[in-house]
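Below is work-v2.json, holding JSON, C-alpha atoms (C1' of nucleotides).
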[["chain", "number", "residue", "atom", "x", "y", "z"],
["A", 1, "MET", "CA", 156.12, 102.99, 148.23],
["A", 2, "PHE", "CA", 157.96, 99.86, 147.29],
["A", 3, "LYS", "CA", 161.06, 101.84, 146.42],
["A", 4, "ASN", "CA", 161.54, 102.52, 150.08],
["A", 5, "TYR", "CA", 161.72, 98.80, 150.71],
["A", 6, "ILE", "CA", 164.41, 98.40, 148.13],
["A", 7, "GLU", "CA", 166.48, 101.26, 149.42],
["A", 8, "ASN", "CA", 166.22, 99.85, 152.90],
["A", 9, "ALA", "CA", 166.99, 96.39, 151.55],
["A", 10, "ASN", "CA", 164.25, 95.16, 153.79],
["A", 11, "PHE", "CA", 161.89, 92.96, 151.83],
["A", 12, "GLU", "CA", 160.83, 90.93, 154.81],
["A", 13, "ASP", "CA", 158.94, 93.90, 156.21],
["A", 14, "THR", "CA", 156.90, 94.76, 153.13],
["A", 15, "GLY", "CA", 153.14, 94.77, 153.26],
["A", 16, "PHE", "CA", 153.20, 92.19, 150.56],
["A", 17, "SER", "CA", 155.43, 89.85, 152.53],
["A", 18, "TYR", "CA", 153.06, 90.20, 155.40],
["A", 19, "THR", "CA", 150.01, 89.43, 153.27],
["A", 20, "LEU", "CA", 151.68, 86.41, 151.72],
["A", 21, "SER", "CA", 152.62, 85.07, 155.12],
["A", 22, "LEU", "CA", 148.93, 84.99, 156.00],
["A", 23, "ILE", "CA", 147.91, 82.90, 153.00],
["A", 24, "ARG", "CA", 151.02, 80.77, 152.56],
["A", 25, "GLY", "CA", 150.27, 77.11, 152.71],
["A", 26, "LYS", "CA", 148.92, 74.64, 150.24],
["A", 27, "TYR", "CA", 145.28, 74.89, 151.29],
["A", 28, "LYS", "CA", 144.77, 78.17, 153.11],
["A", 29, "MET", "CA", 143.30, 79.93, 150.11],
["A", 30, "VAL", "CA", 141.03, 77.01, 149.39],
["A", 31, "ILE", "CA", 139.72, 77.15, 152.94],
["A", 32, "LEU", "CA", 139.11, 80.88, 152.65],
["A", 33, "TYR", "CA", 137.28, 80.40, 149.38],
["A", 34, "CYS", "CA", 135.08, 77.74, 150.88],
["A", 35, "LEU", "CA", 134.16, 80.06, 153.72],
["A", 36, "MET", "CA", 133.48, 82.87, 151.28],
["A", 37, "GLU", "CA", 131.19, 80.66, 149.24],
["A", 38, "PHE", "CA", 129.32, 78.90, 152.05],
["A", 39, "ASN", "CA", 129.53, 81.55, 154.81],
["A", 40, "ILE", "CA", 129.38, 79.20, 157.79],
["A", 41, "VAL", "CA", 130.98, 75.79, 157.56],
["A", 42, "ARG", "CA", 131.67, 73.02, 160.04],
["A", 43, "TYR", "CA", 135.02, 71.29, 160.39],
["A", 44, "ASN", "CA", 133.92, 68.08, 158.74],
["A", 45, "GLU", "CA", 132.17, 69.88, 155.94],
["A", 46, "LEU", "CA", 135.46, 71.57, 155.09],
["A", 47, "LYS", "CA", 137.18, 68.21, 155.22],
["A", 48, "ARG", "CA", 134.65, 66.80, 152.77],
["A", 49, "TYR", "CA", 134.75, 69.77, 150.41],
["A", 50, "ILE", "CA", 138.52, 69.76, 150.26],
["A", 51, "LYS", "CA", 138.91, 66.08, 149.56],
["A", 52, "THR", "CA", 142.68, 65.94, 149.38],
["A", 53, "ILE", "CA", 143.53, 67.81, 152.57],
["A", 54, "SER", "CA", 144.81, 65.86, 155.57],
["A", 55, "HIS", "CA", 143.42, 66.26, 159.07],
["A", 56, "LYS", "CA", 146.65, 67.73, 160.29],
["A", 57, "THR", "CA", 146.93, 70.32, 157.56],
["A", 58, "LEU", "CA", 143.31, 71.35, 157.96],
["A", 59, "ALA", "CA", 143.63, 71.71, 161.72],
["A", 60, "VAL", "CA", 146.91, 73.61, 161.57],
["A", 61, "SER", "CA", 145.69, 75.90, 158.79],
["A", 62, "LEU", "CA", 142.45, 76.73, 160.60],
["A", 63, "LYS", "CA", 144.34, 77.53, 163.78],
["A", 64, "GLU", "CA", 146.70, 79.88, 161.97],
["A", 65, "LEU", "CA", 143.92, 81.59, 160.03],
["A", 66, "GLU", "CA", 142.10, 82.14, 163.30],
["A", 67, "LYS", "CA", 145.23, 83.46, 165.00],
["A", 68, "ASP", "CA", 145.63, 85.92, 162.12],
["A", 69, "SER", "CA", 141.99, 87.01, 162.59],
["A", 70, "LEU", "CA", 141.00, 86.08, 159.06],
["A", 71, "ILE", "CA", 138.41, 83.58, 160.22],
["A", 72, "ILE", "CA", 136.13, 83.17, 163.22],
["A", 73, "ARG", "CA", 135.82, 79.92, 165.14],
["A", 74, "LYS", "CA", 132.59, 79.34, 167.03],
["A", 75, "GLU", "CA", 132.37, 76.33, 169.30],
["A", 76, "TYR", "CA", 129.14, 74.81, 170.61],
["A", 77, "PRO", "CA", 129.96, 72.90, 173.79],
["A", 78, "GLN", "CA", 127.92, 69.78, 173.41],
["A", 79, "ILE", "CA", 128.27, 66.09, 172.82],
["A", 80, "SER", "CA", 129.27, 65.52, 170.14],
["A", 81, "PRO", "CA", 131.17, 68.75, 169.53],
["A", 82, "LYS", "CA", 130.13, 71.22, 166.86],
["A", 83, "VAL", "CA", 132.41, 73.94, 165.53],
["A", 84, "GLU", "CA", 131.55, 76.50, 162.89],
["A", 85, "TYR", "CA", 134.02, 78.54, 160.89],
["A", 86, "SER", "CA", 133.34, 81.75, 158.99],
["A", 87, "LEU", "CA", 135.18, 84.70, 157.49],
["A", 88, "SER", "CA", 135.88, 87.70, 159.69],
["A", 89, "ASP", "CA", 135.51, 91.23, 158.33],
["A", 90, "ARG", "CA", 139.26, 91.33, 157.99],
["A", 91, "GLY", "CA", 139.14, 88.07, 156.06],
["A", 92, "LYS", "CA", 136.38, 89.37, 153.81],
["A", 93, "SER", "CA", 138.35, 92.49, 152.94],
["A", 94, "LEU", "CA", 141.33, 90.34, 151.97],
["A", 95, "MET", "CA", 139.16, 88.04, 149.89],
["A", 96, "GLU", "CA", 138.01, 90.95, 147.77],
["A", 97, "ILE", "CA", 141.54, 91.29, 146.48],
["A", 98, "LEU", "CA", 142.35, 87.59, 146.34],
["A", 99, "ASP", "CA", 139.27, 87.04, 144.25],
["A", 100, "ARG", "CA", 140.77, 89.30, 141.62],
["A", 101, "LEU", "CA", 143.81, 87.03, 141.50],
["A", 102, "CYS", "CA", 141.42, 84.16, 140.89],
["A", 103, "VAL", "CA", 139.81, 85.99, 138.01],
["A", 104, "TRP", "CA", 143.19, 86.98, 136.57],
["A", 105, "GLY", "CA", 144.21, 83.33, 136.60],
["A", 106, "GLU", "CA", 141.00, 82.27, 134.89],
["A", 107, "ILE", "CA", 141.57, 84.76, 132.13],
["A", 108, "HIS", "CA", 145.27, 84.17, 131.66],
["A", 109, "LYS", "CA", 145.83, 80.49, 132.31],
["A", 110, "ASN", "CA", 145.25, 79.68, 128.67],
["A", 111, "ASP", "CA", 147.28, 82.61, 127.36],
["A", 112, "MET", "CA", 150.14, 80.42, 126.37],
["A", 113, "LYS", "CA", 149.34, 78.46, 123.26],
["B", 1, "MET", "CA", 132.42, 80.99, 139.68],
["B", 2, "PHE", "CA", 134.26, 79.40, 142.53],
["B", 3, "LYS", "CA", 131.26, 77.30, 143.39],
["B", 4, "ASN", "CA", 131.84, 75.34, 140.22],
["B", 5, "TYR", "CA", 135.27, 74.40, 141.47],
["B", 6, "ILE", "CA", 133.86, 73.12, 144.70],
["B", 7, "GLU", "CA", 131.19, 71.08, 143.02],
["B", 8, "ASN", "CA", 133.78, 69.60, 140.74],
["B", 9, "ALA", "CA", 136.07, 69.07, 143.72],
["B", 10, "ASN", "CA", 138.86, 70.29, 141.54],
["B", 11, "PHE", "CA", 140.80, 72.95, 143.39],
["B", 12, "GLU", "CA", 144.01, 72.32, 141.53],
["B", 13, "ASP", "CA", 142.46, 73.74, 138.38],
["B", 14, "THR", "CA", 141.23, 77.03, 139.84],
["B", 15, "GLY", "CA", 142.42, 80.28, 138.37],
["B", 16, "PHE", "CA", 143.72, 81.14, 141.77],
["B", 17, "SER", "CA", 145.80, 77.99, 142.03],
["B", 18, "TYR", "CA", 147.24, 78.78, 138.66],
["B", 19, "THR", "CA", 148.10, 82.35, 139.66],
["B", 20, "LEU", "CA", 149.71, 81.22, 142.88],
["B", 21, "SER", "CA", 151.80, 78.65, 141.06],
["B", 22, "LEU", "CA", 153.31, 81.49, 139.04],
["B", 23, "ILE", "CA", 154.46, 83.49, 142.04],
["B", 24, "ARG", "CA", 155.28, 80.66, 144.44],
["B", 25, "GLY", "CA", 158.80, 80.84, 145.67],
["B", 26, "LYS", "CA", 160.55, 82.88, 148.29],
["B", 27, "TYR", "CA", 161.79, 85.62, 145.99],
["B", 28, "LYS", "CA", 159.64, 85.63, 142.87],
["B", 29, "MET", "CA", 157.50, 88.51, 144.03],
["B", 30, "VAL", "CA", 160.53, 90.49, 145.09],
["B", 31, "ILE", "CA", 162.02, 90.05, 141.63],
["B", 32, "LEU", "CA", 158.78, 91.18, 140.00],
["B", 33, "TYR", "CA", 158.63, 94.24, 142.24],
["B", 34, "CYS", "CA", 162.19, 95.15, 141.38],
["B", 35, "LEU", "CA", 161.39, 94.95, 137.68],
["B", 36, "MET", "CA", 158.25, 97.00, 138.21],
["B", 37, "GLU", "CA", 160.21, 99.68, 140.01],
["B", 38, "PHE", "CA", 163.31, 99.82, 137.81],
["B", 39, "ASN", "CA", 161.85, 98.73, 134.45],
["B", 40, "ILE", "CA", 164.99, 97.19, 132.97],
["B", 41, "VAL", "CA", 167.46, 95.46, 135.22],
["B", 42, "ARG", "CA", 170.57, 93.37, 134.63],
["B", 43, "TYR", "CA", 171.20, 90.06, 136.33],
["B", 44, "ASN", "CA", 173.85, 91.35, 138.69],
["B", 45, "GLU", "CA", 171.83, 94.41, 139.57],
["B", 46, "LEU", "CA", 169.03, 92.13, 140.74],
["B", 47, "LYS", "CA", 171.53, 90.14, 142.73],
["B", 48, "ARG", "CA", 172.70, 93.31, 144.44],
["B", 49, "TYR", "CA", 169.22, 94.69, 145.10],
["B", 50, "ILE", "CA", 168.04, 91.42, 146.61],
["B", 51, "LYS", "CA", 170.96, 90.97, 148.94],
["B", 52, "THR", "CA", 169.90, 87.70, 150.52],
["B", 53, "ILE", "CA", 169.09, 85.73, 147.39],
["B", 54, "SER", "CA", 171.45, 83.00, 146.24],
["B", 55, "HIS", "CA", 172.72, 82.66, 142.69],
["B", 56, "LYS", "CA", 170.86, 79.43, 142.22],
["B", 57, "THR", "CA", 167.52, 80.74, 143.44],
["B", 58, "LEU", "CA", 167.82, 83.88, 141.35],
["B", 59, "ALA", "CA", 168.71, 81.93, 138.22],
["B", 60, "VAL", "CA", 165.97, 79.35, 138.69],
["B", 61, "SER", "CA", 163.35, 81.97, 139.54],
["B", 62, "LEU", "CA", 164.20, 84.08, 136.51],
["B", 63, "LYS", "CA", 164.01, 81.07, 134.25],
["B", 64, "GLU", "CA", 160.59, 80.11, 135.55],
["B", 65, "LEU", "CA", 159.25, 83.65, 135.39],
["B", 66, "GLU", "CA", 160.43, 83.83, 131.80],
["B", 67, "LYS", "CA", 158.89, 80.45, 130.94],
["B", 68, "ASP", "CA", 155.61, 81.72, 132.37],
["B", 69, "SER", "CA", 155.90, 84.85, 130.20],
["B", 70, "LEU", "CA", 155.79, 87.22, 133.15],
["B", 71, "ILE", "CA", 159.21, 88.68, 132.35],
["B", 72, "ILE", "CA", 161.28, 89.24, 129.24],
["B", 73, "ARG", "CA", 164.91, 88.24, 128.96],
["B", 74, "LYS", "CA", 167.05, 90.13, 126.48],
["B", 75, "GLU", "CA", 170.58, 88.93, 125.85],
["B", 76, "TYR", "CA", 173.32, 90.96, 124.24],
["B", 77, "PRO", "CA", 175.84, 88.57, 122.72],
["B", 78, "GLN", "CA", 179.14, 90.12, 123.66],
["B", 79, "ILE", "CA", 182.12, 89.64, 125.90],
["B", 80, "SER", "CA", 181.44, 89.93, 128.70],
["B", 81, "PRO", "CA", 177.76, 88.93, 128.49],
["B", 82, "LYS", "CA", 174.96, 91.38, 129.24],
["B", 83, "VAL", "CA", 171.40, 90.31, 130.00],
["B", 84, "GLU", "CA", 168.49, 92.60, 130.75],
["B", 85, "TYR", "CA", 165.24, 91.59, 132.40],
["B", 86, "SER", "CA", 161.94, 93.47, 132.31],
["B", 87, "LEU", "CA", 158.24, 92.89, 132.94],
["B", 88, "SER", "CA", 156.11, 91.64, 130.06],
["B", 89, "ASP", "CA", 152.63, 93.04, 129.50],
["B", 90, "ARG", "CA", 151.28, 89.89, 131.09],
["B", 91, "GLY", "CA", 153.56, 90.49, 134.07],
["B", 92, "LYS", "CA", 152.47, 94.09, 134.34],
["B", 93, "SER", "CA", 148.80, 93.14, 134.40],
["B", 94, "LEU", "CA", 149.47, 90.70, 137.23],
["B", 95, "MET", "CA", 151.45, 93.27, 139.17],
["B", 96, "GLU", "CA", 148.49, 95.62, 139.19],
["B", 97, "ILE", "CA", 146.65, 93.12, 141.35],
["B", 98, "LEU", "CA", 149.62, 92.03, 143.44],
["B", 99, "ASP", "CA", 150.30, 95.64, 144.27],
["B", 100, "ARG", "CA", 146.88, 95.82, 145.89],
["B", 101, "LEU", "CA", 147.88, 92.93, 148.12],
["B", 102, "CYS", "CA", 150.92, 94.94, 149.09],
["B", 103, "VAL", "CA", 148.77, 97.91, 150.03],
["B", 104, "TRP", "CA", 146.33, 95.70, 151.95],
["B", 105, "GLY", "CA", 149.24, 94.35, 153.96],
["B", 106, "GLU", "CA", 150.55, 97.82, 154.69],
["B", 107, "ILE", "CA", 147.18, 98.87, 156.01],
["B", 108, "HIS", "CA", 146.39, 95.74, 157.99],
["B", 109, "LYS", "CA", 149.69, 94.49, 159.32],
["B", 110, "ASN", "CA", 149.25, 96.50, 162.49],
["B", 111, "ASP", "CA", 145.58, 95.65, 162.92],
["B", 112, "MET", "CA", 146.24, 93.30, 165.76],
["B", 113, "LYS", "CA", 146.98, 95.20, 168.90],
["C", 1, "DC", "C1'", 132.63, 65.21, 165.64],
["C", 2, "DT", "C1'", 136.75, 67.79, 166.26],
["C", 3, "DG", "C1'", 140.61, 67.63, 167.00],
["C", 4, "DT", "C1'", 146.31, 65.98, 168.72],
["C", 5, "DA", "C1'", 150.57, 63.52, 168.36],
["C", 6, "DT", "C1'", 154.21, 61.09, 165.81],
["C", 7, "DC", "C1'", 156.74, 59.73, 162.30],
["C", 8, "DC", "C1'", 158.33, 60.22, 157.67],
["C", 9, "DT", "C1'", 158.96, 62.04, 152.99],
["C", 10, "DC", "C1'", 159.76, 65.29, 149.61],
["C", 11, "DC", "C1'", 161.22, 69.49, 147.80],
["C", 12, "DC", "C1'", 162.65, 74.29, 148.26],
["C", 13, "DC", "C1'", 166.41, 76.85, 148.99],
["C", 14, "DG", "C1'", 171.35, 78.04, 150.56],
["C", 15, "DA", "C1'", 176.35, 77.28, 150.15],
["C", 16, "DT", "C1'", 179.87, 76.41, 147.28],
["C", 17, "DA", "C1'", 182.53, 75.52, 143.29],
["C", 18, "DC", "C1'", 183.05, 75.69, 138.40],
["C", 19, "DT", "C1'", 182.41, 77.62, 133.24],
["C", 20, "DG", "C1'", 182.21, 80.31, 128.70],
["D", 1, "DC", "C1'", 179.17, 88.95, 133.73],
["D", 2, "DA", "C1'", 175.81, 85.51, 133.78],
["D", 3, "DG", "C1'", 175.06, 81.68, 134.63],
["D", 4, "DT", "C1'", 175.28, 75.82, 135.76],
["D", 5, "DA", "C1'", 176.18, 71.67, 138.87],
["D", 6, "DT", "C1'", 176.18, 69.36, 143.10],
["D", 7, "DC", "C1'", 175.39, 68.51, 147.90],
["D", 8, "DG", "C1'", 172.84, 68.98, 151.94],
["D", 9, "DG", "C1'", 169.58, 70.95, 155.71],
["D", 10, "DG", "C1'", 165.09, 72.29, 157.16],
["D", 11, "DG", "C1'", 160.33, 72.84, 157.02],
["D", 12, "DA", "C1'", 155.71, 71.89, 155.00],
["D", 13, "DG", "C1'", 152.57, 68.49, 154.48],
["D", 14, "DG", "C1'", 150.80, 63.23, 154.30],
["D", 15, "DA", "C1'", 149.55, 58.83, 156.79],
["D", 16, "DT", "C1'", 148.21, 56.96, 160.70],
["D", 17, "DA", "C1'", 146.78, 56.31, 165.35],
["D", 18, "DC", "C1'", 144.68, 58.04, 169.41],
["D", 19, "DA", "C1'", 141.60, 61.20, 172.55],
["D", 20, "DG", "C1'", 137.67, 63.81, 174.66]]

Written as structure tokens, how would this file's structure read?
Amino acid sequence: MFKNYIENANFEDTGFSYTLSLIRGKYKMVILYCLMEFNIVRYNELKRYIKTISHKTLAVSLKELEKDSLIIRKEYPQISPKVEYSLSDRGKSLMEILDRLCVWGEIHKNDMK
Amino acid sequence: MFKNYIENANFEDTGFSYTLSLIRGKYKMVILYCLMEFNIVRYNELKRYIKTISHKTLAVSLKELEKDSLIIRKEYPQISPKVEYSLSDRGKSLMEILDRLCVWGEIHKNDMK
DNA sequence: CTGTATCCTCCCCGATACTG
DNA sequence: CAGTATCGGGGAGGATACAG
């Protein structure tokens, strides 16, 4: 399959490029993992879990993940506002594969003496 | 397993973070795919396959991939120089998983109407 | 509580020229 | 052929302040 990409010299259109574009960003994977682990999480909970993330990055990342249909945003119109995030089915199916990358890293990160 | 990371608030040390650090970079995955597809490839062949990559990026990426033991660099000392690159066993085991990301992308990139 | 808006910094990558 | 060196632009992300 990939050979076709090479012959067409069109790497930008590969499935892999597409997948990477969804999870590019310093914290997107961390957000997805948090949602996988805790199922339903509020904005401020995410902010507390991921101590080093800035407000801006968290907000932008969540918006993009939602636009890409990897996560679901549920808003409760009340004072003060409450918003819950969770994985979509699409997001869950992606996480099955990404989790294998996590495991691979665990196994191999001490390979090198 | 991931829950431990969250409780330790130490996302930088996750296996996934480690894995991503290996393949971060605009063209690293493309290089790995080329090596997977063609087995043994010379420097200039890579440059030709990946039309849009610059010399600097190709050189730097190859050096990092080699340092991380994902690829093997074999140099033939002669005039003019000849260098062949190929996947290491470690690289091949990673590619098995990355290839699944490629397939996921192929299947899902047209999900959204 | 859940965001936006602005400014600013750093670093990835491209373009280009040079070398053994 | 297979690199290395240097310069520079652009975009991702941080700090901070403000809003509904």

Between chain B and chain C, at 12 Å or less, what are the per-residue closest atom pairs and their distances in Å? Count all atoms listed in the file, order by chain and rising residue number, and return it as a Markdown table.
| residue | atom | partner | partner_atom | distance |
| --- | --- | --- | --- | --- |
| B:Arg24 | CA | C:DC12 | C1' | 10.5 |
| B:Gly25 | CA | C:DC12 | C1' | 8.0 |
| B:Lys26 | CA | C:DC13 | C1' | 8.4 |
| B:Tyr27 | CA | C:DC13 | C1' | 10.4 |
| B:Thr52 | CA | C:DG14 | C1' | 9.8 |
| B:Ile53 | CA | C:DG14 | C1' | 8.6 |
| B:Ser54 | CA | C:DG14 | C1' | 6.6 |
| B:His55 | CA | C:DG14 | C1' | 9.2 |
| B:Lys56 | CA | C:DG14 | C1' | 8.5 |
| B:Thr57 | CA | C:DC13 | C1' | 6.9 |
| B:Leu58 | CA | C:DC13 | C1' | 10.5 |
| B:Val60 | CA | C:DC13 | C1' | 10.6 |
| B:Ser61 | CA | C:DC13 | C1' | 11.2 |
| B:Gln78 | CA | C:DG20 | C1' | 11.4 |
| B:Ile79 | CA | C:DG20 | C1' | 9.7 |
| B:Ser80 | CA | C:DG20 | C1' | 9.7 |
| B:Pro81 | CA | C:DG20 | C1' | 9.7 |

Write out chain A, as an mmCIF file with C-alpha atoms, in the coordinates of the input, after superposing it onto chain B by least squares using every C-alpha atom paired in order.
data_model
loop_
_atom_site.group_PDB
_atom_site.id
_atom_site.type_symbol
_atom_site.label_atom_id
_atom_site.label_comp_id
_atom_site.auth_asym_id
_atom_site.auth_seq_id
_atom_site.Cartn_x
_atom_site.Cartn_y
_atom_site.Cartn_z
ATOM 1 C CA MET A 1 132.413 80.942 139.809
ATOM 2 C CA PHE A 2 134.296 79.355 142.638
ATOM 3 C CA LYS A 3 131.292 77.263 143.578
ATOM 4 C CA ASN A 4 131.821 75.262 140.447
ATOM 5 C CA TYR A 5 135.281 74.352 141.657
ATOM 6 C CA ILE A 6 133.914 73.101 144.915
ATOM 7 C CA GLU A 7 131.198 71.047 143.323
ATOM 8 C CA ASN A 8 133.742 69.519 141.008
ATOM 9 C CA ALA A 9 136.101 69.021 143.936
ATOM 10 C CA ASN A 10 138.809 70.267 141.666
ATOM 11 C CA PHE A 11 140.794 72.964 143.409
ATOM 12 C CA GLU A 12 143.957 72.292 141.493
ATOM 13 C CA ASP A 13 142.392 73.694 138.341
ATOM 14 C CA THR A 14 141.177 77.000 139.749
ATOM 15 C CA GLY A 15 142.361 80.259 138.289
ATOM 16 C CA PHE A 16 143.686 81.110 141.676
ATOM 17 C CA SER A 17 145.766 77.956 141.907
ATOM 18 C CA TYR A 18 147.182 78.787 138.548
ATOM 19 C CA THR A 19 148.051 82.348 139.543
ATOM 20 C CA LEU A 20 149.676 81.202 142.762
ATOM 21 C CA SER A 21 151.763 78.661 140.911
ATOM 22 C CA LEU A 22 153.268 81.506 138.901
ATOM 23 C CA ILE A 23 154.383 83.508 141.928
ATOM 24 C CA ARG A 24 155.167 80.698 144.356
ATOM 25 C CA GLY A 25 158.691 80.834 145.599
ATOM 26 C CA LYS A 26 160.429 82.838 148.242
ATOM 27 C CA TYR A 27 161.685 85.604 145.964
ATOM 28 C CA LYS A 28 159.570 85.636 142.824
ATOM 29 C CA MET A 29 157.412 88.516 143.969
ATOM 30 C CA VAL A 30 160.441 90.480 145.049
ATOM 31 C CA ILE A 31 161.956 90.041 141.607
ATOM 32 C CA LEU A 32 158.737 91.177 139.960
ATOM 33 C CA TYR A 33 158.579 94.216 142.198
ATOM 34 C CA CYS A 34 162.131 95.143 141.367
ATOM 35 C CA LEU A 35 161.348 94.955 137.673
ATOM 36 C CA MET A 36 158.214 97.014 138.174
ATOM 37 C CA GLU A 37 160.159 99.684 140.011
ATOM 38 C CA PHE A 38 163.270 99.837 137.824
ATOM 39 C CA ASN A 39 161.822 98.730 134.453
ATOM 40 C CA ILE A 40 164.990 97.215 133.007
ATOM 41 C CA VAL A 41 167.443 95.482 135.292
ATOM 42 C CA ARG A 42 170.552 93.401 134.745
ATOM 43 C CA TYR A 43 171.184 90.071 136.432
ATOM 44 C CA ASN A 44 173.788 91.390 138.824
ATOM 45 C CA GLU A 45 171.749 94.430 139.687
ATOM 46 C CA LEU A 46 168.951 92.125 140.809
ATOM 47 C CA LYS A 47 171.448 90.129 142.820
ATOM 48 C CA ARG A 48 172.614 93.297 144.551
ATOM 49 C CA TYR A 49 169.128 94.652 145.194
ATOM 50 C CA ILE A 50 167.934 91.394 146.674
ATOM 51 C CA LYS A 51 170.831 90.908 149.032
ATOM 52 C CA THR A 52 169.741 87.647 150.594
ATOM 53 C CA ILE A 53 168.939 85.681 147.449
ATOM 54 C CA SER A 54 171.323 82.946 146.321
ATOM 55 C CA HIS A 55 172.615 82.632 142.775
ATOM 56 C CA LYS A 56 170.753 79.413 142.277
ATOM 57 C CA THR A 57 167.420 80.729 143.458
ATOM 58 C CA LEU A 58 167.752 83.870 141.371
ATOM 59 C CA ALA A 59 168.648 81.924 138.244
ATOM 60 C CA VAL A 60 165.911 79.337 138.695
ATOM 61 C CA SER A 61 163.284 81.961 139.513
ATOM 62 C CA LEU A 62 164.170 84.101 136.496
ATOM 63 C CA LYS A 63 163.995 81.089 134.210
ATOM 64 C CA GLU A 64 160.560 80.123 135.491
ATOM 65 C CA LEU A 65 159.217 83.670 135.320
ATOM 66 C CA GLU A 66 160.427 83.859 131.741
ATOM 67 C CA LYS A 67 158.895 80.491 130.881
ATOM 68 C CA ASP A 68 155.588 81.754 132.286
ATOM 69 C CA SER A 69 155.898 84.887 130.108
ATOM 70 C CA LEU A 70 155.791 87.248 133.061
ATOM 71 C CA ILE A 71 159.202 88.693 132.298
ATOM 72 C CA ILE A 72 161.309 89.290 129.204
ATOM 73 C CA ARG A 73 164.953 88.286 128.971
ATOM 74 C CA LYS A 74 167.113 90.204 126.523
ATOM 75 C CA GLU A 75 170.639 88.991 125.928
ATOM 76 C CA TYR A 76 173.430 91.055 124.374
ATOM 77 C CA PRO A 77 175.982 88.649 122.915
ATOM 78 C CA GLN A 78 179.236 90.231 123.888
ATOM 79 C CA ILE A 79 182.192 89.730 126.146
ATOM 80 C CA SER A 80 181.456 89.994 128.956
ATOM 81 C CA PRO A 81 177.801 88.998 128.694
ATOM 82 C CA LYS A 82 174.998 91.437 129.406
ATOM 83 C CA VAL A 83 171.428 90.369 130.099
ATOM 84 C CA GLU A 84 168.501 92.647 130.811
ATOM 85 C CA TYR A 85 165.241 91.631 132.425
ATOM 86 C CA SER A 86 161.941 93.495 132.305
ATOM 87 C CA LEU A 87 158.242 92.922 132.877
ATOM 88 C CA SER A 88 156.139 91.680 129.985
ATOM 89 C CA ASP A 89 152.650 93.065 129.390
ATOM 90 C CA ARG A 90 151.298 89.924 130.969
ATOM 91 C CA GLY A 91 153.549 90.499 133.964
ATOM 92 C CA LYS A 92 152.454 94.118 134.237
ATOM 93 C CA SER A 93 148.784 93.166 134.263
ATOM 94 C CA LEU A 94 149.441 90.709 137.088
ATOM 95 C CA MET A 95 151.414 93.281 139.042
ATOM 96 C CA GLU A 96 148.447 95.621 139.067
ATOM 97 C CA ILE A 97 146.618 93.136 141.239
ATOM 98 C CA LEU A 98 149.600 92.023 143.297
ATOM 99 C CA ASP A 99 150.297 95.620 144.150
ATOM 100 C CA ARG A 100 146.919 95.774 145.834
ATOM 101 C CA LEU A 101 147.960 92.863 148.037
ATOM 102 C CA CYS A 102 151.019 94.890 148.962
ATOM 103 C CA VAL A 103 148.884 97.847 149.927
ATOM 104 C CA TRP A 104 146.472 95.643 151.878
ATOM 105 C CA GLY A 105 149.405 94.274 153.850
ATOM 106 C CA GLU A 106 150.727 97.750 154.573
ATOM 107 C CA ILE A 107 147.383 98.812 155.928
ATOM 108 C CA HIS A 108 146.612 95.688 157.904
ATOM 109 C CA LYS A 109 149.928 94.439 159.216
ATOM 110 C CA ASN A 110 149.552 96.503 162.353
ATOM 111 C CA ASP A 111 145.879 95.673 162.846
ATOM 112 C CA MET A 112 146.600 93.326 165.662
ATOM 113 C CA LYS A 113 147.495 95.200 168.799
#

Adding 3 Å on each side of the box along x, y and z that holds all listed atoms of segment 2-20 of chain D, could you give its centre and edge lengths in Å to one decimal, as AutoDock Vina command-line options?
--center_x 156.9 --center_y 70.9 --center_z 154.2 --size_x 44.5 --size_y 35.2 --size_z 46.9

Here's a test: counting all atoms listed in the file, identify every protein, DNA and RNA residue with an atom at most 8 Å from (135.2, 83.9, 150.6) in the file's coordinate frame, and state them as an mmCIF file with C-alpha atoms, in the coordinates of the input.
data_model
loop_
_atom_site.group_PDB
_atom_site.id
_atom_site.type_symbol
_atom_site.label_atom_id
_atom_site.label_comp_id
_atom_site.auth_asym_id
_atom_site.auth_seq_id
_atom_site.Cartn_x
_atom_site.Cartn_y
_atom_site.Cartn_z
ATOM 1 C CA LEU A 32 139.110 80.880 152.650
ATOM 2 C CA TYR A 33 137.280 80.400 149.380
ATOM 3 C CA CYS A 34 135.080 77.740 150.880
ATOM 4 C CA LEU A 35 134.160 80.060 153.720
ATOM 5 C CA MET A 36 133.480 82.870 151.280
ATOM 6 C CA GLU A 37 131.190 80.660 149.240
ATOM 7 C CA PHE A 38 129.320 78.900 152.050
ATOM 8 C CA ASN A 39 129.530 81.550 154.810
ATOM 9 C CA LEU A 87 135.180 84.700 157.490
ATOM 10 C CA GLY A 91 139.140 88.070 156.060
ATOM 11 C CA LYS A 92 136.380 89.370 153.810
ATOM 12 C CA MET A 95 139.160 88.040 149.890
#

I'd like a table as a Markdown table: residues in chain D with an atom no more than 12 Å from chain A, each row giving the shortest atom pair and its distance in Å to one decimal, all atoms listed in the file counted, sorted by chain and rising residue number.
| residue | atom | partner | partner_atom | distance |
| --- | --- | --- | --- | --- |
| D:DG11 | C1' | A:Gly25 | CA | 11.7 |
| D:DA12 | C1' | A:Gly25 | CA | 7.9 |
| D:DG13 | C1' | A:Thr57 | CA | 6.7 |
| D:DG14 | C1' | A:Ser54 | CA | 6.7 |
| D:DA15 | C1' | A:Ser54 | CA | 8.6 |
| D:DT16 | C1' | A:His55 | CA | 10.6 |
| D:DG20 | C1' | A:Pro81 | CA | 9.6 |

Save the residues we just selected, C-alpha atoms (C1' of nucleotides), as a compact mmCIF listing (two decimals), in the frame of the given file?
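This went into result-v8.txt:
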# COMPACT_ATOMS: atom_id res chain seq x y z
C1' DG D 11 160.33 72.84 157.02
C1' DA D 12 155.71 71.89 155.00
C1' DG D 13 152.57 68.49 154.48
C1' DG D 14 150.80 63.23 154.30
C1' DA D 15 149.55 58.83 156.79
C1' DT D 16 148.21 56.96 160.70
C1' DG D 20 137.67 63.81 174.66
